[in-house]
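Trainee: What follows is a structure written as C-alpha cells; I'll ask about it next.
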Amino acid sequence: MSQDLFALVDCNNFYASCETLFRPKLRGLPIVVLSNNDGCVVARSKEAKLLGIKMGVPAHQIAMMVKQHNVVMFSSNYALYGDISNRVMTTLEDMAPSVEVYSIDEAFLSLGGLGKASDIVSYGLDIRERIQNWVGITVCVGVSTTKTLAKLANRAAKAYPATGGVVDLTDRQRQRKLLAITPVEEVWGVGRQLSKKLHDLGIHTALDLADTDLKTLRKQFSVVLERTARELSGESCLELQEVVSTKKQIVCSRSFGARVEGVAELREAISSYTVRASEKLRAGNQLAKQITVSIRTGYFNPNEPSYSNMASTTLAVPTDDSSKLCKAANGLLEKLWRPGYRYAKAGVMLADLYDQNVVQEDLFAPQASVARSTLMATLDGINKGRHGKVFLGAQGVKQGWRMHRQYLSPSYTTQWLDIPKV
DNA sequence: TCTGGGGTCCTAGGACCC
DNA sequence: TCTGGGGTCCTAGGACCC
C-alpha cells in the first residue's frame, strides 16, 4: 500500500473574506471582525494585519487606529460564515474521495491516488482556482504524509507568497528544512503552556521536537505530545475522520451586553440559552440527561467583587424538551444566584447525551412524550432560519442582557430580505 | 465603559469493589 | 510495631484547537 497523503485546505482570512464577498468596494481596506458581544478581534484582513492589529485584542483598544486608518469593523455574522463555509466544503467534496471538515474554514482531504510531485502541486492549484471561481474565497493548500505536517505545509503556503498558495511537503529533506525554521509553538497541538515547558528543556524548533526521544516526551508530557512528535517525523498517527462523530456535550454561553444583577433577568438569559441548546440537541437527534448552569461576574475588573459558580443536575430520563430542561436549569440558577454581584456572563451545558433512537422510552408516559416531541418539532419548524420567532415566556421580552452586535452585516445568503439586488 | 464561544481529549485522583 | 493489591468507573481540571 502506498503511503498516506493528506492535504489541508484552509481559507485565507476567512471571516474578513466573507464580509467582502458581497461588498467588493471593501476589498483592499483594513477589515476586522469582532467576537460575540463586539468584544475582541477574531479575524483580520491582510491590510488589517499589516497595520499591526493583533488577534484577540479588545475592540476598545484599537479605537484610535480604527479612526486613523478607516478600519472597517464587523460584528461576527455566523449565519453568513456558516453558509459560505458550506459552499467551500461542498466544492471540496466534489474534488476529493474523502473530506474531513475540520473547522468552519478548513478541511483535510485524503489524496490516495496521487503519487508524483507534479500531480500534487497541480491538484492543489486546481482546488485553489475552483474555490476562487465558484465561491469567491481564496484558500491555501498544504500536502504531506501526516496531518501535522500538512498543517505545517499549509502555514508555509500562507507565509510565502512565492509558493503560489500550494506547498508539497512530501519530500523528507524538505520536511526537515521547514521543521528547522519553524518555532515549536507554531506546531499544531503545541500551545502556550507546552511551548514554555519545551523551551525550558531546550526544545525550540519543530525539528528539535521531532528529534526528541519519544519515551521522554511521554513521561514528561503525555501521549498527545508524543503523537505530535511522531507525526512531525513522518509517522502518521491521526486518521482522516470523515464521519462527523456525535456530540458529547452542547454548550450555549454568552457574555451580556450590559451587566445583570437581578435573578429575574438572569432567569430570562438562562432560559434563552437552554432553549438554544435544546434546539441544537434536537437538530442532532439527541437527548440529554445532564444539565449544568454557570454564572460569573467580569474577569477583568479587579475592583469589582467577583463570583463564579456552576451547578449541575441529572434528570431521571434523558429529554430534548425545552421546557423540561428550562425548569431544571432555573432550579440550578436559584441555587447559584447571590445578590450584590454584577453578572457578566452565563452559560448552559447539556451533557450525558443519548441517541434519540436508542434511548429507553419512559414506560409510564408514552403518549405525553409523543405529544411533546411533536410540539418541539413544530417550534423548530417555525423558528427555522431566524431563531426566536416563537419562544417560552420564561425567555422574556425585553431581554436587556442581549449581546451587542453593533456592526452586523446583512445575512446575504440566508435571509430573503438581505439578498443583494443587482 | 468596553476583553468570545464551542468543542475535544487526556490525566490524576477518589470511590468503590473483590 | 505491624495494616495489600489490583482493577474499574467517574469527575474535575487542564491542555489544546479554531
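Letters for chains follow the order of the C-alpha cells (A, B, ...), residue numbers begin at 1 for each chain, and ligand numbers begin at 1 in the order shown.
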Give as a ChimeraX atom specification every residue of chain A that touches chain B within 7 Å, counting only C-alpha atoms (C1' of nucleotides).

Mentor: /A:35-36,39-40,58,60,251,253

Trainee: With C-alpha atoms kept, could you save the residues just selected as a PDB file, in the first residue's frame?

Mentor:
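File selection.pdb, as written:
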ATOM      1  CA  SER A  35     -16.106  38.333  18.600  1.00  0.00           C
ATOM      2  CA  ASN A  36     -19.581  37.965  20.048  1.00  0.00           C
ATOM      3  CA  GLY A  39     -15.604  42.117  22.428  1.00  0.00           C
ATOM      4  CA  CYS A  40     -12.297  41.479  20.740  1.00  0.00           C
ATOM      5  CA  PRO A  58     -10.127  44.098  22.859  1.00  0.00           C
ATOM      6  CA  HIS A  60     -11.806  49.378  22.568  1.00  0.00           C
ATOM      7  CA  VAL A 251     -22.889  24.452  25.224  1.00  0.00           C
ATOM      8  CA  SER A 253     -22.967  30.585  26.854  1.00  0.00           C
TER       9      SER A 253
END

Trainee: When DSSP works through the backbone of this structure, what residues of range 242-310 of chain A end up as alpha helix (DSSP H), shown as a list in words?

Mentor: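 Selection result, alpha helix (DSSP H) within range 242-310 of chain A: Val263, Ala264, Glu265, Leu266, Arg267, Glu268, Ala269, Ile270, Ser271, Ser272, Tyr273, Thr274, Val275, Arg276, Ala277, Ser278, Glu279, Lys280, Leu281, Arg282 and Ala283 of chain A.
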
Trainee: Any chance you could export the current selection's N, CA and C atoms as a PDB file, in the first residue's frame?

Mentor:
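Result went into part.pdb, see below:
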ATOM      1  N   VAL A 263     -32.090  38.391  39.701  1.00  0.00           N
ATOM      2  CA  VAL A 263     -32.251  36.990  39.355  1.00  0.00           C
ATOM      3  C   VAL A 263     -33.298  36.833  38.240  1.00  0.00           C
ATOM      4  N   ALA A 264     -34.237  37.757  38.164  1.00  0.00           N
ATOM      5  CA  ALA A 264     -35.287  37.646  37.148  1.00  0.00           C
ATOM      6  C   ALA A 264     -34.688  37.744  35.744  1.00  0.00           C
ATOM      7  N   GLU A 265     -33.815  38.716  35.567  1.00  0.00           N
ATOM      8  CA  GLU A 265     -33.180  38.893  34.254  1.00  0.00           C
ATOM      9  C   GLU A 265     -32.276  37.713  33.922  1.00  0.00           C
ATOM     10  N   LEU A 266     -31.574  37.250  34.946  1.00  0.00           N
ATOM     11  CA  LEU A 266     -30.694  36.107  34.768  1.00  0.00           C
ATOM     12  C   LEU A 266     -31.511  34.884  34.321  1.00  0.00           C
ATOM     13  N   ARG A 267     -32.695  34.786  34.883  1.00  0.00           N
ATOM     14  CA  ARG A 267     -33.570  33.676  34.543  1.00  0.00           C
ATOM     15  C   ARG A 267     -33.943  33.721  33.055  1.00  0.00           C
ATOM     16  N   GLU A 268     -34.210  34.922  32.569  1.00  0.00           N
ATOM     17  CA  GLU A 268     -34.517  35.071  31.141  1.00  0.00           C
ATOM     18  C   GLU A 268     -33.352  34.567  30.286  1.00  0.00           C
ATOM     19  N   ALA A 269     -32.156  35.002  30.662  1.00  0.00           N
ATOM     20  CA  ALA A 269     -30.975  34.625  29.884  1.00  0.00           C
ATOM     21  C   ALA A 269     -30.778  33.108  29.923  1.00  0.00           C
ATOM     22  N   ILE A 270     -30.811  32.545  31.127  1.00  0.00           N
ATOM     23  CA  ILE A 270     -30.614  31.104  31.271  1.00  0.00           C
ATOM     24  C   ILE A 270     -31.673  30.339  30.477  1.00  0.00           C
ATOM     25  N   SER A 271     -32.924  30.816  30.519  1.00  0.00           N
ATOM     26  CA  SER A 271     -33.987  30.154  29.763  1.00  0.00           C
ATOM     27  C   SER A 271     -33.687  30.205  28.268  1.00  0.00           C
ATOM     28  N   SER A 272     -33.247  31.371  27.802  1.00  0.00           N
ATOM     29  CA  SER A 272     -32.961  31.512  26.371  1.00  0.00           C
ATOM     30  C   SER A 272     -31.805  30.608  25.950  1.00  0.00           C
ATOM     31  N   TYR A 273     -30.765  30.541  26.756  1.00  0.00           N
ATOM     32  CA  TYR A 273     -29.617  29.704  26.408  1.00  0.00           C
ATOM     33  C   TYR A 273     -30.021  28.231  26.421  1.00  0.00           C
ATOM     34  N   THR A 274     -30.872  27.869  27.382  1.00  0.00           N
ATOM     35  CA  THR A 274     -31.319  26.478  27.451  1.00  0.00           C
ATOM     36  C   THR A 274     -32.137  26.114  26.216  1.00  0.00           C
ATOM     37  N   VAL A 275     -33.005  27.037  25.796  1.00  0.00           N
ATOM     38  CA  VAL A 275     -33.812  26.791  24.602  1.00  0.00           C
ATOM     39  C   VAL A 275     -32.908  26.613  23.383  1.00  0.00           C
ATOM     40  N   ARG A 276     -31.905  27.477  23.271  1.00  0.00           N
ATOM     41  CA  ARG A 276     -30.967  27.385  22.151  1.00  0.00           C
ATOM     42  C   ARG A 276     -30.214  26.058  22.175  1.00  0.00           C
ATOM     43  N   ALA A 277     -29.748  25.670  23.358  1.00  0.00           N
ATOM     44  CA  ALA A 277     -29.021  24.402  23.486  1.00  0.00           C
ATOM     45  C   ALA A 277     -29.943  23.227  23.140  1.00  0.00           C
ATOM     46  N   SER A 278     -31.208  23.306  23.559  1.00  0.00           N
ATOM     47  CA  SER A 278     -32.154  22.227  23.255  1.00  0.00           C
ATOM     48  C   SER A 278     -32.395  22.129  21.750  1.00  0.00           C
ATOM     49  N   GLU A 279     -32.425  23.277  21.087  1.00  0.00           N
ATOM     50  CA  GLU A 279     -32.599  23.257  19.624  1.00  0.00           C
ATOM     51  C   GLU A 279     -31.450  22.500  18.960  1.00  0.00           C
ATOM     52  N   LYS A 280     -30.239  22.795  19.425  1.00  0.00           N
ATOM     53  CA  LYS A 280     -29.077  22.091  18.867  1.00  0.00           C
ATOM     54  C   LYS A 280     -29.181  20.603  19.152  1.00  0.00           C
ATOM     55  N   LEU A 281     -29.647  20.292  20.355  1.00  0.00           N
ATOM     56  CA  LEU A 281     -29.806  18.896  20.769  1.00  0.00           C
ATOM     57  C   LEU A 281     -30.748  18.171  19.805  1.00  0.00           C
ATOM     58  N   ARG A 282     -31.897  18.781  19.544  1.00  0.00           N
ATOM     59  CA  ARG A 282     -32.884  18.155  18.663  1.00  0.00           C
ATOM     60  C   ARG A 282     -32.386  18.093  17.228  1.00  0.00           C
ATOM     61  N   ALA A 283     -31.636  19.104  16.824  1.00  0.00           N
ATOM     62  CA  ALA A 283     -31.107  19.106  15.458  1.00  0.00           C
ATOM     63  C   ALA A 283     -30.198  17.899  15.250  1.00  0.00           C
TER      64      ALA A 283
END

Trainee: Excluding range 230-244 of chain A and its own-chain neighbours fewer than 5 positions away, which residues fall within 9 Å of it when counting only C-alpha atoms (C1' of nucleotides)? Please give them as a list in words.

Mentor: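 Listed by chain and then number, they are Asp4, Phe6, Ser98, Val99, Glu100, Val101, Tyr102, Phe108, Leu109, Ser110, Ser144, Thr145, Thr146, Lys147, Thr148, Leu149, Arg172, Gln175, Arg176, Leu179, Val187, Ala206, Leu207, Leu209, Ala210, Asp211, Leu214 and Leu225 of chain A.
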
Trainee: Take the residues just selected and output them with N, CA, C and O atoms as a compact mmCIF listing (two decimals), in the first residue's frame.

Mentor:
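Printed below is part-v3.txt as written:
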# COMPACT_ATOMS: atom_id res chain seq x y z
N ASP A 4 0.18 7.19 3.27
CA ASP A 4 -0.90 8.17 3.44
C ASP A 4 -0.49 9.49 2.82
O ASP A 4 0.69 9.83 2.80
N PHE A 6 -2.08 13.49 2.95
CA PHE A 6 -3.12 14.41 3.41
C PHE A 6 -2.93 15.78 2.81
O PHE A 6 -1.80 16.24 2.68
N SER A 98 -12.24 11.64 -0.15
CA SER A 98 -12.75 11.77 1.22
C SER A 98 -12.30 13.08 1.84
O SER A 98 -11.17 13.52 1.64
N VAL A 99 -13.23 13.68 2.57
CA VAL A 99 -13.02 15.01 3.13
C VAL A 99 -13.39 14.99 4.60
O VAL A 99 -14.42 14.45 4.98
N GLU A 100 -12.56 15.56 5.43
CA GLU A 100 -12.90 15.78 6.84
C GLU A 100 -13.02 17.27 7.07
O GLU A 100 -12.03 18.00 6.96
N VAL A 101 -14.24 17.72 7.36
CA VAL A 101 -14.43 19.14 7.66
C VAL A 101 -13.92 19.37 9.07
O VAL A 101 -14.53 18.95 10.04
N TYR A 102 -12.78 20.03 9.17
CA TYR A 102 -12.13 20.13 10.47
C TYR A 102 -12.61 21.34 11.27
O TYR A 102 -12.72 21.28 12.48
N PHE A 108 -9.41 18.66 5.92
CA PHE A 108 -8.38 17.72 5.49
C PHE A 108 -8.95 16.88 4.35
O PHE A 108 -10.10 16.45 4.42
N LEU A 109 -8.13 16.64 3.34
CA LEU A 109 -8.51 15.72 2.28
C LEU A 109 -7.56 14.55 2.29
O LEU A 109 -6.39 14.70 2.65
N SER A 110 -8.06 13.40 1.93
CA SER A 110 -7.17 12.27 1.74
C SER A 110 -6.91 12.13 0.24
O SER A 110 -7.84 12.10 -0.55
N SER A 144 1.10 16.74 2.77
CA SER A 144 2.19 15.93 3.29
C SER A 144 1.69 14.56 3.73
O SER A 144 0.54 14.21 3.48
N THR A 145 2.56 13.82 4.40
CA THR A 145 2.25 12.43 4.70
C THR A 145 1.55 12.26 6.05
O THR A 145 1.09 11.17 6.38
N THR A 146 1.51 13.31 6.88
CA THR A 146 0.74 13.26 8.12
C THR A 146 -0.06 14.55 8.23
O THR A 146 0.26 15.55 7.57
N LYS A 147 -1.08 14.51 9.07
CA LYS A 147 -1.90 15.70 9.24
C LYS A 147 -1.10 16.86 9.81
O LYS A 147 -1.24 18.01 9.38
N THR A 148 -0.26 16.57 10.79
CA THR A 148 0.52 17.63 11.42
C THR A 148 1.47 18.28 10.43
O THR A 148 1.65 19.50 10.43
N LEU A 149 2.07 17.47 9.54
CA LEU A 149 2.94 18.04 8.52
C LEU A 149 2.15 18.81 7.47
O LEU A 149 2.60 19.83 6.96
N ARG A 172 11.29 14.22 2.23
CA ARG A 172 11.88 14.12 3.57
C ARG A 172 12.83 15.29 3.88
O ARG A 172 12.78 15.88 4.96
N GLN A 175 10.96 18.45 4.39
CA GLN A 175 10.31 18.45 5.70
C GLN A 175 11.28 18.95 6.77
O GLN A 175 10.97 19.86 7.55
N ARG A 176 12.46 18.36 6.79
CA ARG A 176 13.41 18.71 7.85
C ARG A 176 13.86 20.16 7.74
O ARG A 176 14.08 20.83 8.74
N LEU A 179 10.95 22.19 9.15
CA LEU A 179 10.87 21.99 10.61
C LEU A 179 11.93 22.81 11.33
O LEU A 179 11.69 23.37 12.39
N VAL A 187 3.66 24.67 16.00
CA VAL A 187 3.23 23.31 15.64
C VAL A 187 1.82 23.07 16.14
O VAL A 187 1.46 23.48 17.25
N ALA A 206 10.48 23.04 15.66
CA ALA A 206 9.71 21.83 15.35
C ALA A 206 10.65 20.65 15.14
O ALA A 206 10.33 19.52 15.53
N LEU A 207 11.82 20.92 14.56
CA LEU A 207 12.77 19.83 14.34
C LEU A 207 13.31 19.29 15.67
O LEU A 207 13.44 18.08 15.85
N LEU A 209 11.71 19.15 18.39
CA LEU A 209 10.65 18.30 18.95
C LEU A 209 10.61 16.94 18.25
O LEU A 209 10.51 15.90 18.88
N ALA A 210 10.72 16.98 16.91
CA ALA A 210 10.67 15.73 16.14
C ALA A 210 11.81 14.80 16.55
O ALA A 210 11.65 13.58 16.55
N ASP A 211 12.95 15.38 16.92
CA ASP A 211 14.12 14.56 17.23
C ASP A 211 14.25 14.23 18.71
O ASP A 211 15.22 13.59 19.11
N LEU A 214 11.16 9.77 22.24
CA LEU A 214 9.71 9.64 22.42
C LEU A 214 9.33 9.26 23.86
O LEU A 214 8.34 9.74 24.40
N LEU A 225 1.59 14.74 23.08
CA LEU A 225 2.78 15.36 22.53
C LEU A 225 3.68 14.32 21.85
O LEU A 225 4.32 14.60 20.84

Trainee: List the neighbours of Glu304 in chain A out to 9 Å using only C-alpha atoms (C1' of nucleotides); skip same-chain residues closer than 3 positions along the sequence, and give me the result as a ChimeraX atom specification.

Mentor: /A:297-298,300-301,341-342

Trainee: Between CA of Ala79 in chain A and CA of Phe391 in chain A, what is the distance, to one decimal in Å?

Mentor: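 Taking CA of Ala79 in chain A as the start and CA of Phe391 in chain A as the end point, the length is 20.0 Å.
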
Trainee: Could you give me, as a ChimeraX atom specification, the residues within 8 Å of range 65-77 of chain A, counting only C-alpha atoms (C1' of nucleotides) and dropping anything in the same chain fewer than 2 positions from it?

Mentor: /A:15,19,29-38,48,62-63,79-81,405-409,411

Trainee: As a ChimeraX atom specification, which residues of range 160-343 of chain A does DSSP assign to strand (DSSP E)?

Mentor: /A:166-168,249-260,286-297,308-319,343

Trainee: One decimal, Å: what's the distance from CA of Met310 in chain A over to CA of Gly393 in chain A, could you say?

Mentor: 24.1 Å
